[in-house]
$ cat run_13.txt   # compact mmCIF, C-alpha atoms
# COMPACT_ATOMS: atom_id res chain seq x y z
CA MET A 1 84.62 156.56 178.57
CA ARG A 2 86.40 159.65 179.84
CA ALA A 3 83.41 161.82 178.98
CA ARG A 4 81.09 159.44 180.81
CA ARG A 5 83.33 159.42 183.91
CA LEU A 6 83.60 163.21 184.02
CA HIS A 7 79.87 163.50 183.40
CA THR A 8 79.21 161.29 186.42
CA ARG A 9 81.53 163.35 188.60
CA VAL A 10 79.92 166.61 187.56
CA PHE A 11 76.51 165.29 188.60
CA ALA A 12 78.00 164.05 191.86
CA ALA A 13 79.32 167.55 192.49
CA LEU A 14 75.93 169.03 191.65
CA GLY A 15 74.36 166.61 194.11
CA VAL A 16 76.64 167.89 196.87
CA LEU A 17 75.72 171.48 196.04
CA THR A 18 72.01 170.66 196.13
CA VAL A 19 72.27 169.05 199.56
CA SER A 20 74.21 172.04 200.88
CA PHE A 21 71.56 174.40 199.58
CA THR A 22 68.63 172.50 201.13
CA LEU A 23 70.29 172.60 204.53
CA PHE A 24 69.05 176.19 204.85
CA ALA A 25 65.45 175.01 204.45
CA ALA A 26 65.53 171.65 206.17
CA THR A 27 67.89 169.29 207.94
CA PRO A 28 67.61 165.89 206.27
CA SER A 29 69.32 162.88 207.76
CA PRO A 30 72.95 162.52 206.65
CA ALA A 31 73.78 159.75 204.22
CA PRO A 32 74.56 156.51 206.04
CA THR A 33 78.27 155.78 206.38
CA ILE A 34 80.16 152.69 207.38
CA PRO A 35 80.73 152.93 211.15
CA ASP A 36 84.17 152.94 212.76
CA LYS A 37 84.94 151.77 216.28
CA PRO A 38 88.63 152.58 216.89
CA SER A 39 88.58 150.71 220.20
CA ASP A 40 87.91 147.41 218.44
CA PRO A 41 91.03 145.17 218.74
CA THR A 42 91.27 144.68 214.98
CA ARG A 43 90.76 148.36 214.19
CA ALA A 44 93.33 149.25 216.85
CA GLN A 45 95.92 147.25 214.91
CA GLU A 46 95.34 149.34 211.78
CA TYR A 47 97.85 151.95 212.87
CA TRP A 48 97.91 153.53 209.40
CA LEU A 49 94.34 154.81 209.84
CA ASP A 50 95.68 157.39 212.27
CA GLY A 51 99.34 157.44 211.19
CA ALA A 52 98.41 158.43 207.63
CA ARG A 53 95.52 160.63 208.92
CA ILE A 54 92.93 158.52 207.14
CA ARG A 55 90.35 158.81 209.92
CA GLU A 56 90.62 162.57 209.69
CA ALA A 57 90.05 162.41 205.94
CA TRP A 58 86.87 160.39 206.61
CA LYS A 59 85.34 163.53 208.06
CA THR A 60 85.16 164.72 204.43
CA THR A 61 84.64 161.55 202.43
CA ARG A 62 84.94 157.78 202.51
CA GLY A 63 85.29 157.29 198.77
CA ALA A 64 81.68 156.95 197.66
CA GLY A 65 81.22 157.05 193.91
CA VAL A 66 84.82 156.10 193.07
CA THR A 67 85.85 152.74 191.58
CA ILE A 68 89.15 151.02 192.33
CA ALA A 69 90.27 148.22 189.99
CA VAL A 70 92.35 145.57 191.76
CA ILE A 71 94.39 143.71 189.11
CA ASP A 72 95.68 140.78 191.13
CA THR A 73 94.89 137.15 191.98
CA GLY A 74 91.16 137.87 192.33
CA ILE A 75 88.91 139.13 195.12
CA ALA A 76 87.18 136.23 196.87
CA ARG A 77 83.38 136.06 196.93
CA GLY A 78 82.83 134.88 200.48
CA PRO A 79 84.24 137.45 202.91
CA ALA A 80 81.79 139.97 204.37
CA ALA A 81 84.42 142.68 203.85
CA PHE A 82 83.55 142.64 200.13
CA ALA A 83 79.77 142.41 200.41
CA GLY A 84 78.36 145.04 198.07
CA ALA A 85 81.83 146.36 197.28
CA VAL A 86 82.73 144.40 194.14
CA THR A 87 80.58 145.68 191.31
CA ASP A 88 82.16 143.86 188.36
CA GLY A 89 85.15 141.81 187.31
CA THR A 90 86.79 139.59 184.74
CA ASP A 91 89.58 137.08 184.29
CA VAL A 92 92.47 137.64 181.89
CA SER A 93 94.53 134.55 182.76
CA GLY A 94 92.45 131.93 181.00
CA ASN A 95 92.30 129.95 184.25
CA GLY A 96 89.85 131.89 186.44
CA SER A 97 86.11 132.45 186.52
CA ALA A 98 84.42 134.95 184.22
CA ASP A 99 83.74 137.40 187.06
CA GLY A 100 87.35 137.43 188.31
CA ARG A 101 86.25 136.33 191.79
CA THR A 102 88.04 132.94 191.91
CA PRO A 103 91.39 133.36 193.70
CA LEU A 104 94.25 132.12 191.50
CA GLY A 105 97.72 130.85 192.21
CA PRO A 106 99.15 127.83 194.05
CA ILE A 107 101.39 129.96 196.31
CA ASP A 108 99.39 133.01 197.45
CA SER A 109 95.85 133.03 196.08
CA ASP A 110 94.78 135.28 198.98
CA HIS A 111 96.95 138.14 197.71
CA GLY A 112 94.20 139.89 195.75
CA SER A 113 91.74 139.66 198.65
CA ARG A 114 94.24 141.15 201.09
CA VAL A 115 95.00 143.99 198.68
CA ALA A 116 91.30 144.74 198.15
CA SER A 117 90.58 144.71 201.89
CA LEU A 118 93.23 147.38 202.51
CA ALA A 119 91.89 149.56 199.71
CA ALA A 120 88.14 149.35 200.31
CA GLY A 121 87.19 146.63 202.80
CA ARG A 122 83.78 147.27 204.39
CA GLY A 123 84.26 146.04 207.93
CA ALA A 124 81.42 144.74 210.10
CA PRO A 125 78.11 146.66 210.37
CA ASP A 126 78.79 147.40 214.03
CA GLY A 127 82.05 149.21 213.28
CA THR A 128 84.35 146.33 214.21
CA GLY A 129 86.67 144.20 212.12
CA MET A 130 89.14 145.28 209.49
CA ILE A 131 88.15 148.29 207.39
CA GLY A 132 89.74 149.65 204.22
CA VAL A 133 91.03 153.14 203.51
CA ALA A 134 88.07 154.00 201.23
CA PRO A 135 85.31 151.79 202.65
CA GLU A 136 82.58 153.29 200.46
CA ALA A 137 84.44 152.97 197.16
CA ASN A 138 83.53 150.29 194.63
CA LEU A 139 85.89 147.52 193.53
CA LEU A 140 86.58 145.78 190.24
CA SER A 141 88.12 142.30 190.51
CA ILE A 142 90.43 141.40 187.62
CA SER A 143 92.18 138.07 188.14
CA LEU A 144 95.71 137.48 186.87
CA GLY A 145 97.63 134.23 186.62
CA PHE A 146 101.17 134.47 187.97
CA GLY A 147 103.88 131.98 187.11
CA ALA A 148 104.15 129.15 184.61
CA SER A 149 100.62 127.87 185.28
CA ALA A 150 99.00 130.73 183.34
CA THR A 151 97.90 129.90 179.81
CA VAL A 152 98.24 133.52 178.66
CA PRO A 153 101.61 135.38 178.73
CA PHE A 154 101.84 137.62 181.78
CA THR A 155 102.55 140.81 179.80
CA THR A 156 99.48 140.15 177.67
CA GLN A 157 97.34 139.61 180.78
CA VAL A 158 98.42 142.93 182.30
CA ALA A 159 97.76 144.87 179.10
CA GLU A 160 94.30 143.33 178.68
CA ALA A 161 93.49 143.86 182.36
CA ILE A 162 94.31 147.57 182.29
CA ILE A 163 92.30 148.18 179.14
CA TRP A 164 89.32 146.27 180.57
CA ALA A 165 89.50 148.20 183.85
CA VAL A 166 89.53 151.55 182.06
CA ASP A 167 86.68 150.58 179.75
CA ASN A 168 84.59 149.39 182.70
CA GLY A 169 84.70 152.53 184.81
CA ALA A 170 87.86 152.38 186.92
CA ASP A 171 88.97 155.69 188.44
CA VAL A 172 91.98 154.12 190.16
CA ILE A 173 93.96 151.01 189.15
CA ASN A 174 96.02 149.15 191.77
CA LEU A 175 98.99 147.02 190.64
CA SER A 176 100.58 145.27 193.63
CA PHE A 177 103.25 143.40 191.70
CA THR A 178 106.61 144.12 190.13
CA MET A 179 109.04 142.63 187.64
CA ASN A 180 112.79 142.38 188.06
CA THR A 181 113.44 144.39 184.90
CA LEU A 182 113.48 148.13 184.33
CA GLY A 183 111.90 147.84 180.88
CA TRP A 184 108.47 146.60 179.91
CA ASP A 185 106.79 144.97 176.96
CA PRO A 186 105.73 147.42 174.20
CA SER A 187 102.15 146.17 174.57
CA TRP A 188 102.07 147.97 177.92
CA ASP A 189 102.63 151.30 176.14
CA LYS A 190 99.17 151.17 174.61
CA ALA A 191 97.51 149.88 177.78
CA PHE A 192 98.97 152.46 180.17
CA LEU A 193 98.45 155.26 177.66
CA HIS A 194 94.81 154.16 177.47
CA ALA A 195 94.57 154.63 181.23
CA PHE A 196 96.27 158.03 181.25
CA GLU A 197 94.28 159.32 178.29
CA ASN A 198 91.06 158.33 180.09
CA ASP A 199 91.94 160.15 183.32
CA VAL A 200 92.72 157.05 185.42
CA VAL A 201 95.30 157.09 188.25
CA VAL A 202 97.55 154.00 188.23
CA VAL A 203 99.09 153.09 191.61
CA VAL A 204 102.02 150.65 191.62
CA ALA A 205 104.00 148.82 194.31
CA ALA A 206 107.74 149.51 194.38
CA GLY A 207 108.71 145.93 195.27
CA ASN A 208 110.42 144.29 198.24
CA ARG A 209 114.03 143.48 199.01
CA GLY A 210 112.81 140.41 200.86
CA SER A 211 111.54 139.06 197.54
CA GLY A 212 114.83 139.70 195.77
CA THR A 213 114.00 143.11 194.30
CA THR A 214 116.83 145.55 195.06
CA VAL A 215 115.58 148.41 192.87
CA VAL A 216 112.22 149.24 191.37
CA GLY A 217 111.19 147.35 188.27
CA ALA A 218 108.36 147.65 185.77
CA PRO A 219 105.58 148.72 186.02
CA ALA A 220 106.98 151.05 188.71
CA THR A 221 109.40 152.48 186.14
CA ILE A 222 106.68 153.59 183.72
CA PRO A 223 106.38 157.41 183.56
CA GLY A 224 103.15 158.74 185.02
CA VAL A 225 102.37 155.93 187.49
CA LEU A 226 102.16 156.62 191.23
CA THR A 227 104.84 154.32 192.68
CA VAL A 228 104.63 153.54 196.40
CA GLY A 229 107.55 152.67 198.67
CA GLY A 230 107.19 151.05 202.08
CA VAL A 231 107.95 152.18 205.64
CA ASP A 232 107.61 150.62 209.07
CA GLN A 233 105.44 151.83 211.94
CA HIS A 234 107.96 154.58 212.71
CA GLY A 235 108.12 155.98 209.20
CA THR A 236 111.51 154.47 208.38
CA ALA A 237 112.09 152.77 205.05
CA SER A 238 111.54 149.05 205.43
CA GLN A 239 114.67 146.95 204.98
CA SER A 240 112.76 143.91 203.73
CA ALA A 241 109.30 145.14 202.75
CA SER A 242 110.35 147.87 200.32
CA THR A 243 113.02 148.76 197.80
CA GLN A 244 114.45 151.93 196.30
CA GLY A 245 114.48 153.88 193.05
CA ILE A 246 114.11 157.37 191.64
CA THR A 247 110.54 156.64 190.49
CA ILE A 248 109.16 156.20 194.02
CA ALA A 249 106.58 158.97 194.52
CA VAL A 250 105.37 158.50 198.11
CA SER A 251 105.78 156.04 200.97
CA ALA A 252 103.11 154.23 202.99
CA PRO A 253 103.10 151.54 205.69
CA SER A 254 104.34 148.15 204.49
CA GLU A 255 105.02 146.30 207.77
CA GLY A 256 102.60 144.81 210.27
CA LEU A 257 99.68 145.15 207.88
CA LEU A 258 96.35 143.34 208.09
CA GLY A 259 94.47 141.71 205.24
CA VAL A 260 91.29 139.68 204.72
CA THR A 261 91.86 136.23 203.24
CA ALA A 262 89.62 134.36 200.81
CA ALA A 263 88.27 132.46 203.83
CA GLY A 264 87.25 135.71 205.52
CA THR A 265 89.88 135.62 208.26
CA VAL A 266 92.22 138.51 209.04
CA GLU A 267 95.94 137.86 208.84
CA ARG A 268 99.14 139.84 209.12
CA TRP A 269 101.40 140.47 206.15
CA ASN A 270 104.16 142.78 204.90
CA GLY A 271 105.24 144.37 201.64
CA THR A 272 104.65 147.23 199.28
CA SER A 273 101.85 145.06 197.89
CA GLY A 274 99.99 146.40 200.94
CA ALA A 275 101.40 149.92 200.83
CA ALA A 276 100.06 150.39 197.29
CA PRO A 277 96.35 149.77 198.10
CA ILE A 278 96.61 152.11 201.10
CA VAL A 279 97.59 154.83 198.63
CA SER A 280 94.97 153.65 196.11
CA GLY A 281 92.38 154.13 198.85
CA ILE A 282 93.69 157.64 199.56
CA VAL A 283 93.52 158.44 195.85
CA ALA A 284 89.88 157.29 195.93
CA LEU A 285 89.21 159.65 198.85
CA VAL A 286 90.73 162.54 196.90
CA ARG A 287 88.71 161.72 193.80
CA ALA A 288 85.52 161.49 195.82
CA ALA A 289 86.20 164.83 197.52
CA HIS A 290 87.12 166.51 194.22
CA PRO A 291 85.01 164.81 191.54
CA ASP A 292 85.90 167.39 188.90
CA MET A 293 89.67 167.03 189.36
CA ASP A 294 91.72 165.30 186.67
CA ALA A 295 94.22 162.54 187.36
CA ALA A 296 97.29 164.78 187.08
CA ASN A 297 96.02 167.08 189.85
CA VAL A 298 94.93 164.16 192.01
CA ILE A 299 98.47 162.77 191.82
CA ASN A 300 99.89 166.21 192.46
CA ARG A 301 97.79 166.56 195.63
CA VAL A 302 99.00 163.21 196.95
CA ILE A 303 102.71 163.89 196.42
CA SER A 304 102.75 167.61 197.25
CA THR A 305 100.97 167.09 200.61
CA ALA A 306 103.16 164.17 201.69
CA ARG A 307 104.93 164.75 204.99
CA PRO A 308 108.76 164.87 204.97
CA ALA A 309 110.34 161.58 205.97
CA PRO A 310 112.79 162.15 208.87
CA ALA A 311 115.48 159.97 207.30
CA ALA A 312 115.15 161.34 203.78
CA THR A 313 118.24 163.01 202.34
CA SER A 314 116.55 164.70 199.39
CA VAL A 315 113.14 165.45 197.89
CA PRO A 316 112.30 163.32 196.08
CA ASP A 317 114.32 160.64 197.87
CA PRO A 318 115.11 157.20 196.34
CA LEU A 319 113.68 155.52 199.45
CA TYR A 320 110.78 157.80 200.40
CA GLY A 321 109.91 159.72 197.24
CA PHE A 322 108.24 163.01 198.18
CA GLY A 323 107.54 161.75 201.70
CA LEU A 324 105.00 159.92 203.86
CA VAL A 325 101.49 159.97 202.46
CA ASP A 326 98.97 162.17 204.34
CA ALA A 327 95.33 161.42 203.52
CA ALA A 328 93.76 164.39 205.31
CA ALA A 329 96.07 166.90 203.65
CA ALA A 330 95.62 165.27 200.24
CA VAL A 331 91.85 165.62 200.59
CA SER A 332 91.56 169.06 202.15
CA ALA A 333 94.75 171.13 201.72
CA GLU A 334 94.99 174.06 199.32
CA VAL A 335 97.16 172.86 196.45
CA PRO A 336 97.93 174.84 193.27
CA ARG A 337 96.72 173.20 190.09
CA VAL A 338 99.11 171.72 187.56
CA GLU A 339 98.79 171.32 183.82
CA GLU A 340 100.50 167.95 183.46
CA ASN A 341 101.32 164.83 185.44
CA PRO A 342 104.23 165.69 187.77
CA LEU A 343 105.46 162.09 187.54
CA GLY A 344 106.19 162.27 183.83
CA SER A 345 104.62 161.54 180.47
CA LEU A 346 104.55 158.06 178.99
CA ALA A 347 103.59 159.51 175.61
CA GLU A 348 106.80 161.56 175.50
CA TRP A 349 108.84 158.55 176.61
CA VAL A 350 107.37 156.40 173.85
CA HIS A 351 108.09 159.14 171.31
CA LEU A 352 111.73 159.32 172.38
CA HIS A 353 112.55 155.67 173.01
CA ARG A 354 110.40 153.51 170.78
CA ARG A 355 111.46 153.10 167.17
CA ALA A 356 109.08 154.95 164.88
CA PRO A 357 107.27 152.77 162.32
CA SER A 358 108.96 152.66 158.94
CA GLU A 359 107.53 154.80 156.17
CA PRO A 360 105.55 152.89 153.51
CA VAL A 361 107.20 152.29 150.16
CA PRO A 362 106.17 155.13 147.81
CA VAL A 363 103.75 154.23 145.04
CA PRO A 364 104.97 155.17 141.49
CA THR A 365 103.00 158.08 140.04
CA SER A 366 104.00 157.53 136.34
CA ALA A 367 104.12 154.57 133.96
CA PRO A 368 107.48 152.81 133.53
CA VAL A 369 109.59 153.73 130.44
CA ALA A 370 109.48 151.09 127.65
CA LEU A 371 112.95 149.90 126.58
CA PRO A 372 113.85 147.97 123.34
CA PRO A 373 114.44 144.28 123.85
CA VAL A 374 118.02 143.22 124.46
CA PRO A 375 119.47 141.16 121.54
CA GLN A 376 119.89 137.52 122.23
CA ALA A 377 123.32 136.32 123.17
CA ASP A 378 125.35 134.12 120.79
CA GLN A 379 124.88 130.45 121.30
CA PRO A 380 127.85 128.88 123.00
CA THR A 381 130.06 126.71 120.79
CA LYS A 382 130.78 123.11 121.59
CA ALA A 383 133.76 122.71 123.82
CA ASP A 384 136.76 121.01 122.11
CA SER A 385 140.00 119.62 123.42
CA PRO A 386 142.71 122.29 123.77
CA LEU A 387 145.23 119.82 122.21
CA ILE A 388 143.46 119.61 118.82
CA PRO A 389 144.13 122.61 116.52
CA THR A 390 141.14 124.49 115.20
CA LEU A 391 140.73 126.46 111.97
CA GLU A 392 141.40 129.69 113.83
CA THR A 393 144.61 128.42 115.46
CA LEU A 394 145.87 127.05 112.13
CA THR A 395 145.08 130.27 110.22
CA TYR A 396 146.30 132.76 112.75
CA GLY A 397 148.86 130.77 114.66
CA THR A 398 150.39 127.66 113.21
CA LEU A 399 150.75 128.61 109.48
CA PRO A 400 152.29 132.08 110.05
CA LEU A 401 154.68 130.51 112.51
CA LEU A 402 155.73 127.83 109.98
CA ALA A 403 156.26 130.47 107.27
CA LEU A 404 158.46 132.59 109.51
CA THR A 405 160.39 129.52 110.60
CA ALA A 406 161.01 128.40 107.01
CA ALA A 407 162.16 131.88 105.97
CA GLY A 408 164.50 131.98 108.89
CA ILE A 409 165.96 128.61 107.97
CA LEU A 410 166.51 129.64 104.32
CA ILE A 411 168.21 132.85 105.35
CA ALA A 412 170.42 130.97 107.77
CA LEU A 413 171.38 128.44 105.07
CA GLY A 414 172.17 131.25 102.59
CA VAL A 415 174.33 133.04 105.12
CA THR A 416 176.14 129.83 105.92
CA ALA A 417 176.76 129.04 102.24
CA ALA A 418 178.04 132.56 101.59
CA ALA A 419 180.36 132.36 104.52
CA ARG A 420 181.71 129.04 103.26
CA ARG A 421 182.41 130.40 99.75
CA ILE A 422 184.23 133.39 101.18
CA ARG A 423 186.37 131.11 103.37
CA LEU A 424 187.22 128.83 100.42
CA ALA A 425 188.18 131.80 98.25
CA ARG A 426 190.43 133.12 101.02
CA ASP A 427 192.10 129.73 101.37
CA ARG A 428 192.92 129.53 97.64
CA ARG A 429 194.55 132.95 97.62
CA THR A 430 196.63 132.00 100.56
CA SER A 431 197.86 128.82 98.84
CA ALA A 432 198.75 130.68 95.59
CA GLN A 433 201.05 132.97 97.40

$ encode --input "run_13.txt" --output "structure tokens"
Amino acid sequence: MRARRLHTRVFAALGVLTVSFTLFAATPSPAPTIPDKPSDPTRAQEYWLDGARIREAWKTTRGAGVTIAVIDTGIARGPAAFAGAVTDGTDVSGNGSADGRTPLGPIDSDHGSRVASLAAGRGAPDGTGMIGVAPEANLLSISLGFGASATVPFTTQVAEAIIWAVDNGADVINLSFTMNTLGWDPSWDKAFLHAFENDVVVVVAAGNRGSGTTVVGAPATIPGVLTVGGVDQHGTASQSASTQGITIAVSAPSEGLLGVTAAGTVERWNGTSGAAPIVSGIVALVRAAHPDMDAANVINRVISTARPAPAATSVPDPLYGFGLVDAAAAVSAEVPRVEENPLGSLAEWVHLHRRAPSEPVPVPTSAPVALPPVPQADQPTKADSPLIPTLETLTYGTLPLLALTAAGILIALGVTAAARRIRLARDRRTSAQ
């Protein structure tokens, strides 16, 4: 899969070179792009398009040729914002449709559609209506089941979703959810490693205080993922629509966002669930502008070109990470290459923290030594009463005792008789005198 993805990017790069070369001979019409009318009331509300310098990045690319996998509640079929954008999908919950396009969840089934619209919504043909950060990127819709209604365990769903996304051409994976635990199920080790080993960038939401998350939780704690914190319209860390943690890499708008619902309407919403797809869209722009660049250098461009947050006290900062994301700089700035993911290595973490599998029991290499049979034990004798003498007790106990007793009696009688004779003899001599 990685070879196929790199192969595609190389040919995309060659295509760009060919077009540049033919400009000297002819001036063909530029490739059609999705129009943008900033004066439109809906577009005017998308303050992040200018605040994060996304419109400026569009002068270079709009994400064509890059695929973003949205692992969420599902991207709805109906809205025009997704017409021609969703190229494939699946369901891993056991409750959705095979193409992953049926919104799931009794509480917020529109979540996946809103996320997708921020990442790569198409907007109207006349340049009005909500538009995503990478409006020419493709989308994969992978539907998850949140809560007790899902028939498949949530950790299993996430692992299967990531593996499916990687195997079906994702260049970027967006995860706009979090857990209230720092650790994660061991099954995620294999899934996330599969993504990293196949050159896929994984973008994760940091979580929201308003939802009860005070610090980042998994998957935002997994080494190597691009974790996104949230800021308001002034670039200040959101008190309700963000959280904090040392794994936050960059910050993006998380308040006053817009999103397309399953019904096709545009609504306002808040949270790092929206900040994450803004960054996923920027990652798609970077990958489209640099099709030969690996995931580690794409991530490095995003974090190293981030603008300093005015309220940050350090770099990286537990609220802002490396700063406020800057799409134009990430796409066009000169950035030194790196040899490894600056956000850490999951493989090294697994090596250090997961218990290594036990060694197999060694197989004997020689035949066992033959030993002579052990002699049979004596048969137990019948138990008798301890009050009845046996032959052994008579021979070795009772008879010797009787003999010694009799000898003692005879000796005592002899001594007594001798003493009596001596006394009688003494008495007679006394009388004779």

$ closest_residue --input "run_13.txt" --among "A:Val363, A:Ile222, A:Ile278, A:Ala249" --to "Leu182 in chain A" --atoms "all atoms listed in the file"
A:Ile222

$ closest_residue --input "run_13.txt" --among "A:Thr42, A:Thr416, A:Asn95, A:Ser238" --to "Leu258 in chain A" --atoms "all atoms listed in the file"
A:Thr42

$ closest_atom_pairs --input "run_13.txt" --of "range 300-358 of chain A" --to "range 203-218 of chain A" --cutoff "12 Å" --atoms "all atoms listed in the file" --output "CSV"
residue,atom,partner,partner_atom,distance
A:Val302,CA,A:Val203,CA,11.4
A:Pro318,CA,A:Val215,CA,9.5
A:Leu319,CA,A:Ala206,CA,9.9
A:Tyr320,CA,A:Ala206,CA,10.7
A:Gly321,CA,A:Ala206,CA,10.8
A:Leu343,CA,A:Val203,CA,11.8

$ atom_distance --input "run_13.txt" --atom1 "CA of Lys190 in chain A" --atom2 "CA of Val225 in chain A"
14.1 Å

$ closest_residue --input "run_13.txt" --among "A:Leu352, A:Ser242, A:Gly230, A:Val335" --to "Gly323 in chain A" --atoms "all atoms listed in the file"
A:Gly230

$ closest_residue --input "run_13.txt" --among "A:Pro336, A:Leu346, A:Ala275, A:Ala329" --to "Thr221 in chain A" --atoms "all atoms listed in the file"
A:Leu346

$ build_atoms --input "run_13.txt" --residues "range 43-58 of chain A" --atoms "N, CA, C and O atoms" --output "PDB file, keeping the file's coordinate frame"
ATOM      1  N   ARG A  43      90.574 146.982 214.663  1.00  0.00           N
ATOM      2  CA  ARG A  43      90.760 148.360 214.190  1.00  0.00           C
ATOM      3  C   ARG A  43      91.973 148.993 214.869  1.00  0.00           C
ATOM      4  O   ARG A  43      92.693 149.781 214.243  1.00  0.00           O
ATOM      5  N   ALA A  44      92.209 148.667 216.127  1.00  0.00           N
ATOM      6  CA  ALA A  44      93.330 149.250 216.850  1.00  0.00           C
ATOM      7  C   ALA A  44      94.665 148.847 216.239  1.00  0.00           C
ATOM      8  O   ALA A  44      95.659 149.580 216.367  1.00  0.00           O
ATOM      9  N   GLN A  45      94.682 147.700 215.554  1.00  0.00           N
ATOM     10  CA  GLN A  45      95.920 147.250 214.910  1.00  0.00           C
ATOM     11  C   GLN A  45      96.169 147.962 213.581  1.00  0.00           C
ATOM     12  O   GLN A  45      97.283 147.904 213.059  1.00  0.00           O
ATOM     13  N   GLU A  46      95.165 148.616 213.042  1.00  0.00           N
ATOM     14  CA  GLU A  46      95.340 149.340 211.780  1.00  0.00           C
ATOM     15  C   GLU A  46      95.929 150.720 212.077  1.00  0.00           C
ATOM     16  O   GLU A  46      95.274 151.755 211.932  1.00  0.00           O
ATOM     17  N   TYR A  47      97.190 150.712 212.431  1.00  0.00           N
ATOM     18  CA  TYR A  47      97.850 151.950 212.870  1.00  0.00           C
ATOM     19  C   TYR A  47      97.902 152.997 211.771  1.00  0.00           C
ATOM     20  O   TYR A  47      98.019 154.198 212.040  1.00  0.00           O
ATOM     21  N   TRP A  48      97.827 152.586 210.513  1.00  0.00           N
ATOM     22  CA  TRP A  48      97.910 153.530 209.400  1.00  0.00           C
ATOM     23  C   TRP A  48      96.656 154.423 209.298  1.00  0.00           C
ATOM     24  O   TRP A  48      96.717 155.486 208.697  1.00  0.00           O
ATOM     25  N   LEU A  49      95.543 153.985 209.894  1.00  0.00           N
ATOM     26  CA  LEU A  49      94.340 154.810 209.840  1.00  0.00           C
ATOM     27  C   LEU A  49      94.557 156.151 210.525  1.00  0.00           C
ATOM     28  O   LEU A  49      94.024 157.181 210.094  1.00  0.00           O
ATOM     29  N   ASP A  50      95.336 156.141 211.597  1.00  0.00           N
ATOM     30  CA  ASP A  50      95.680 157.390 212.270  1.00  0.00           C
ATOM     31  C   ASP A  50      97.035 157.919 211.813  1.00  0.00           C
ATOM     32  O   ASP A  50      97.211 159.128 211.636  1.00  0.00           O
ATOM     33  N   GLY A  51      97.996 157.007 211.584  1.00  0.00           N
ATOM     34  CA  GLY A  51      99.340 157.440 211.190  1.00  0.00           C
ATOM     35  C   GLY A  51      99.345 158.185 209.868  1.00  0.00           C
ATOM     36  O   GLY A  51     100.079 159.172 209.691  1.00  0.00           O
ATOM     37  N   ALA A  52      98.520 157.748 208.920  1.00  0.00           N
ATOM     38  CA  ALA A  52      98.410 158.430 207.630  1.00  0.00           C
ATOM     39  C   ALA A  52      97.232 159.390 207.589  1.00  0.00           C
ATOM     40  O   ALA A  52      96.854 159.869 206.526  1.00  0.00           O
ATOM     41  N   ARG A  53      96.623 159.671 208.754  1.00  0.00           N
ATOM     42  CA  ARG A  53      95.520 160.630 208.920  1.00  0.00           C
ATOM     43  C   ARG A  53      94.319 160.280 208.018  1.00  0.00           C
ATOM     44  O   ARG A  53      93.659 161.142 207.462  1.00  0.00           O
ATOM     45  N   ILE A  54      94.058 158.973 207.944  1.00  0.00           N
ATOM     46  CA  ILE A  54      92.930 158.520 207.140  1.00  0.00           C
ATOM     47  C   ILE A  54      91.618 158.781 207.855  1.00  0.00           C
ATOM     48  O   ILE A  54      90.632 159.228 207.248  1.00  0.00           O
ATOM     49  N   ARG A  55      91.585 158.538 209.167  1.00  0.00           N
ATOM     50  CA  ARG A  55      90.350 158.810 209.920  1.00  0.00           C
ATOM     51  C   ARG A  55      89.957 160.285 209.828  1.00  0.00           C
ATOM     52  O   ARG A  55      88.771 160.612 209.768  1.00  0.00           O
ATOM     53  N   GLU A  56      90.941 161.145 209.825  1.00  0.00           N
ATOM     54  CA  GLU A  56      90.620 162.570 209.690  1.00  0.00           C
ATOM     55  C   GLU A  56      90.052 162.874 208.317  1.00  0.00           C
ATOM     56  O   GLU A  56      89.137 163.694 208.175  1.00  0.00           O
ATOM     57  N   ALA A  57      90.586 162.205 207.289  1.00  0.00           N
ATOM     58  CA  ALA A  57      90.050 162.410 205.940  1.00  0.00           C
ATOM     59  C   ALA A  57      88.621 161.910 205.831  1.00  0.00           C
ATOM     60  O   ALA A  57      87.827 162.438 205.035  1.00  0.00           O
ATOM     61  N   TRP A  58      88.245 160.911 206.640  1.00  0.00           N
ATOM     62  CA  TRP A  58      86.870 160.390 206.610  1.00  0.00           C
ATOM     63  C   TRP A  58      85.848 161.429 207.025  1.00  0.00           C
ATOM     64  O   TRP A  58      84.659 161.267 206.743  1.00  0.00           O
TER      65      TRP A  58
END
